[in-house]
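One structure is given here, and the rest of the page talks about it.
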Amino acid sequence: MTAALSEHLATRIRALLRAADHPRGGSGSAGDWRAVRDRWLDRLDPRESLELGESDIRSLIDFLSEAGPSRASRRTTAEWSTQIDALVPELLFLNS
């Protein structure tokens, strides 16, 4: 089953992705992590189809949950977690 993200939700997620950074102690290299982030940014471009399957949504949630805020974002880890926690229900209920 696929779900369509609104352009507004895709824009919010893209903003979070741009403010994200490779998690400290995370698996893989920072370069590999950035490549995955860039693929998500491309995938959520409003000029493209914003249809995501259930596994895509789960992967996106996992990716965002494992990421942390970049220094440039000036967010604390707690602020980052709060933003991700607020976004997760929106993503999970896309298929409802």
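In the structure tokens, the first chain shown is A, the next is B, and so on; residue numbers restart at 1 for each chain, and ligands run from 1 in the order shown.
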Practice problem: Name all residues at most 8 Å from stretch 20-23 of chain A (count only C-alpha atoms; drop same-chain ones fewer than 4 positions away) and give them as an NGL selection string. | Solution: :A and (16 or 30 or 33-34 or 64 or 66-70 or 73)
Members of chain A assigned alpha helix (DSSP H) by DSSP, as JSON, numbers by chain:
{"A": [7, 8, 9, 10, 11, 12, 13, 14, 15, 16, 17, 18, 19, 30, 31, 32, 33, 34, 35, 36, 37, 38, 39, 40, 41, 42, 43, 54, 55, 56, 57, 58, 59, 60, 61, 62, 63, 64, 65, 66, 77, 78, 79, 80, 81, 82, 83, 84, 85, 86, 87, 88, 89, 90, 91, 92]}
Q) What's the 12 Å shell around A:Ala86, counting only C-alpha atoms, without same-chain residues fewer than 6 positions away, as a VMD selection string? A) chain A and resid 9 12 to 13 16 61 64 to 65 79 to 80 92
Please save all heavy atoms of the selected residues as a compact mmCIF listing (two decimals), in the first residue's frame.
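Final output, out.txt:
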# COMPACT_ATOMS: atom_id res chain seq x y z
N LEU A 9 4.08 18.42 4.22
CA LEU A 9 4.78 17.42 5.04
C LEU A 9 6.13 17.08 4.43
O LEU A 9 7.13 16.99 5.14
CB LEU A 9 3.92 16.17 5.20
CG LEU A 9 4.52 15.04 6.04
CD1 LEU A 9 4.89 15.53 7.43
CD2 LEU A 9 3.54 13.87 6.11
N ARG A 12 8.54 19.83 5.26
CA ARG A 12 8.98 19.76 6.66
C ARG A 12 10.03 18.67 6.86
O ARG A 12 11.01 18.87 7.57
CB ARG A 12 7.78 19.49 7.57
CG ARG A 12 6.89 20.69 7.74
CD ARG A 12 5.66 20.44 8.59
NE ARG A 12 5.93 19.66 9.78
CZ ARG A 12 5.08 18.73 10.24
NH1 ARG A 12 3.94 18.50 9.62
NH2 ARG A 12 5.36 18.07 11.34
N ILE A 13 9.81 17.53 6.23
CA ILE A 13 10.77 16.43 6.36
C ILE A 13 12.09 16.81 5.71
O ILE A 13 13.16 16.55 6.25
CB ILE A 13 10.20 15.13 5.76
CG1 ILE A 13 8.97 14.67 6.55
CG2 ILE A 13 11.27 14.04 5.74
CD1 ILE A 13 8.18 13.57 5.87
N LEU A 16 14.07 18.94 7.98
CA LEU A 16 14.71 18.15 9.03
C LEU A 16 15.92 17.40 8.48
O LEU A 16 16.96 17.32 9.14
CB LEU A 16 13.72 17.15 9.63
CG LEU A 16 12.80 17.69 10.71
CD1 LEU A 16 11.78 16.63 11.12
CD2 LEU A 16 13.60 18.14 11.92
N ILE A 61 11.36 6.85 8.92
CA ILE A 61 11.26 7.04 10.36
C ILE A 61 12.53 6.55 11.05
O ILE A 61 13.08 7.24 11.91
CB ILE A 61 10.01 6.33 10.93
CG1 ILE A 61 8.74 7.05 10.48
CG2 ILE A 61 10.07 6.26 12.46
CD1 ILE A 61 7.46 6.30 10.76
N LEU A 64 15.46 9.02 10.30
CA LEU A 64 15.34 10.27 11.06
C LEU A 64 15.59 10.04 12.55
O LEU A 64 16.21 10.85 13.22
CB LEU A 64 13.97 10.90 10.85
CG LEU A 64 13.72 11.53 9.49
CD1 LEU A 64 12.24 11.88 9.33
CD2 LEU A 64 14.60 12.75 9.29
N SER A 65 15.09 8.92 13.06
CA SER A 65 15.24 8.63 14.48
C SER A 65 16.69 8.37 14.87
O SER A 65 17.10 8.68 15.99
CB SER A 65 14.39 7.41 14.86
OG SER A 65 13.03 7.68 14.67
N GLU A 79 15.71 18.84 21.49
CA GLU A 79 14.85 19.52 20.52
C GLU A 79 14.68 18.66 19.27
O GLU A 79 13.58 18.57 18.71
CB GLU A 79 15.44 20.88 20.13
CG GLU A 79 15.38 21.91 21.23
CD GLU A 79 16.18 23.15 20.91
OE1 GLU A 79 17.22 23.08 20.21
OE2 GLU A 79 15.77 24.23 21.39
N TRP A 80 15.77 18.04 18.85
CA TRP A 80 15.72 17.15 17.68
C TRP A 80 14.74 16.01 17.94
O TRP A 80 13.87 15.74 17.12
CB TRP A 80 17.11 16.61 17.37
CG TRP A 80 17.13 15.67 16.22
CD1 TRP A 80 17.13 14.31 16.27
CD2 TRP A 80 17.11 16.00 14.84
NE1 TRP A 80 17.11 13.79 15.01
CE2 TRP A 80 17.11 14.80 14.12
CE3 TRP A 80 17.10 17.21 14.16
CZ2 TRP A 80 17.11 14.78 12.74
CZ3 TRP A 80 17.09 17.18 12.77
CH2 TRP A 80 17.09 15.97 12.07
N LEU A 92 3.10 7.67 10.31
CA LEU A 92 2.46 6.36 10.53
C LEU A 92 1.00 6.38 10.12
O LEU A 92 0.48 5.37 9.64
CB LEU A 92 2.60 5.96 12.00
CG LEU A 92 4.00 5.57 12.45
CD1 LEU A 92 3.98 5.28 13.95
CD2 LEU A 92 4.51 4.38 11.68
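As for atom CA of A:Asp32 and atom CA of A:Ala10, they are spaced 22.4 Å apart.
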Nearest to A:Asp56 among A:Glu7, A:Ile84, A:Leu91, A:Arg71, with distances taken over only C-alpha atoms: which residue is it?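 Once distances to A:Asp56 are computed over only C-alpha atoms, the minimum belongs to A:Leu91.
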The distance between atom CA of A:Arg37 and atom CA of A:Leu17 is 6.6 Å
Strand (DSSP E) per DSSP on the backbone: members of chain A, as a list in words |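 Put together, the selection reads Thr2, Ala3, Ala4, Ala20, Asp21, Glu51, Leu52, Gly53, Gly68 and Pro69 of chain A.
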For the residues selected in the previous step, produce a file with N, CA and C atoms as a JSON list (two decimals), in the first residue's frame.
[["chain", "number", "residue", "atom", "x", "y", "z"],
["A", 2, "THR", "N", 0.51, 2.21, -0.77],
["A", 2, "THR", "CA", 1.26, 3.47, -0.81],
["A", 2, "THR", "C", 0.41, 4.59, -0.23],
["A", 3, "ALA", "N", 1.11, 5.62, 0.22],
["A", 3, "ALA", "CA", 0.44, 6.79, 0.76],
["A", 3, "ALA", "C", 1.07, 8.03, 0.15],
["A", 4, "ALA", "N", 0.25, 9.03, -0.05],
["A", 4, "ALA", "CA", 0.74, 10.28, -0.63],
["A", 4, "ALA", "C", 1.03, 11.28, 0.49],
["A", 20, "ALA", "N", 19.93, 17.56, 9.69],
["A", 20, "ALA", "CA", 20.41, 16.33, 10.33],
["A", 20, "ALA", "C", 21.89, 16.10, 10.07],
["A", 21, "ASP", "N", 22.45, 15.26, 10.90],
["A", 21, "ASP", "CA", 23.85, 14.87, 10.73],
["A", 21, "ASP", "C", 24.00, 13.41, 11.12],
["A", 51, "GLU", "N", 4.56, 9.70, -3.36],
["A", 51, "GLU", "CA", 3.97, 8.43, -2.93],
["A", 51, "GLU", "C", 5.05, 7.60, -2.24],
["A", 52, "LEU", "N", 4.74, 7.13, -1.03],
["A", 52, "LEU", "CA", 5.66, 6.26, -0.28],
["A", 52, "LEU", "C", 4.93, 5.00, 0.13],
["A", 53, "GLY", "N", 5.62, 3.88, -0.01],
["A", 53, "GLY", "CA", 5.09, 2.63, 0.48],
["A", 53, "GLY", "C", 5.30, 2.52, 1.99],
["A", 68, "GLY", "N", 20.97, 12.72, 14.12],
["A", 68, "GLY", "CA", 21.03, 13.75, 15.15],
["A", 68, "GLY", "C", 21.08, 15.11, 14.51],
["A", 69, "PRO", "N", 20.97, 16.15, 15.30],
["A", 69, "PRO", "CA", 21.01, 17.50, 14.73],
["A", 69, "PRO", "C", 22.44, 17.88, 14.34]]
A straight line from atom CA of A:Gln83 to atom CA of A:Arg14 spans 12.8 Å
For A:Arg75, which residue out of A:Ala19, A:Thr11, A:Gly28, A:Ser55 is the nearest one, using only C-alpha atoms?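 The closest residue to A:Arg75 is A:Ala19.
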Check your understanding: From the set A:Leu50, A:Leu44, A:Ile57, A:Met1, which residue has the shortest atom-to-atom contact distance to A:Pro89, counting only C-alpha atoms?
Key ->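 Checking each of A:Leu50, A:Leu44, A:Ile57, A:Met1 against A:Pro89, counting only C-alpha atoms, the winner is A:Ile57.
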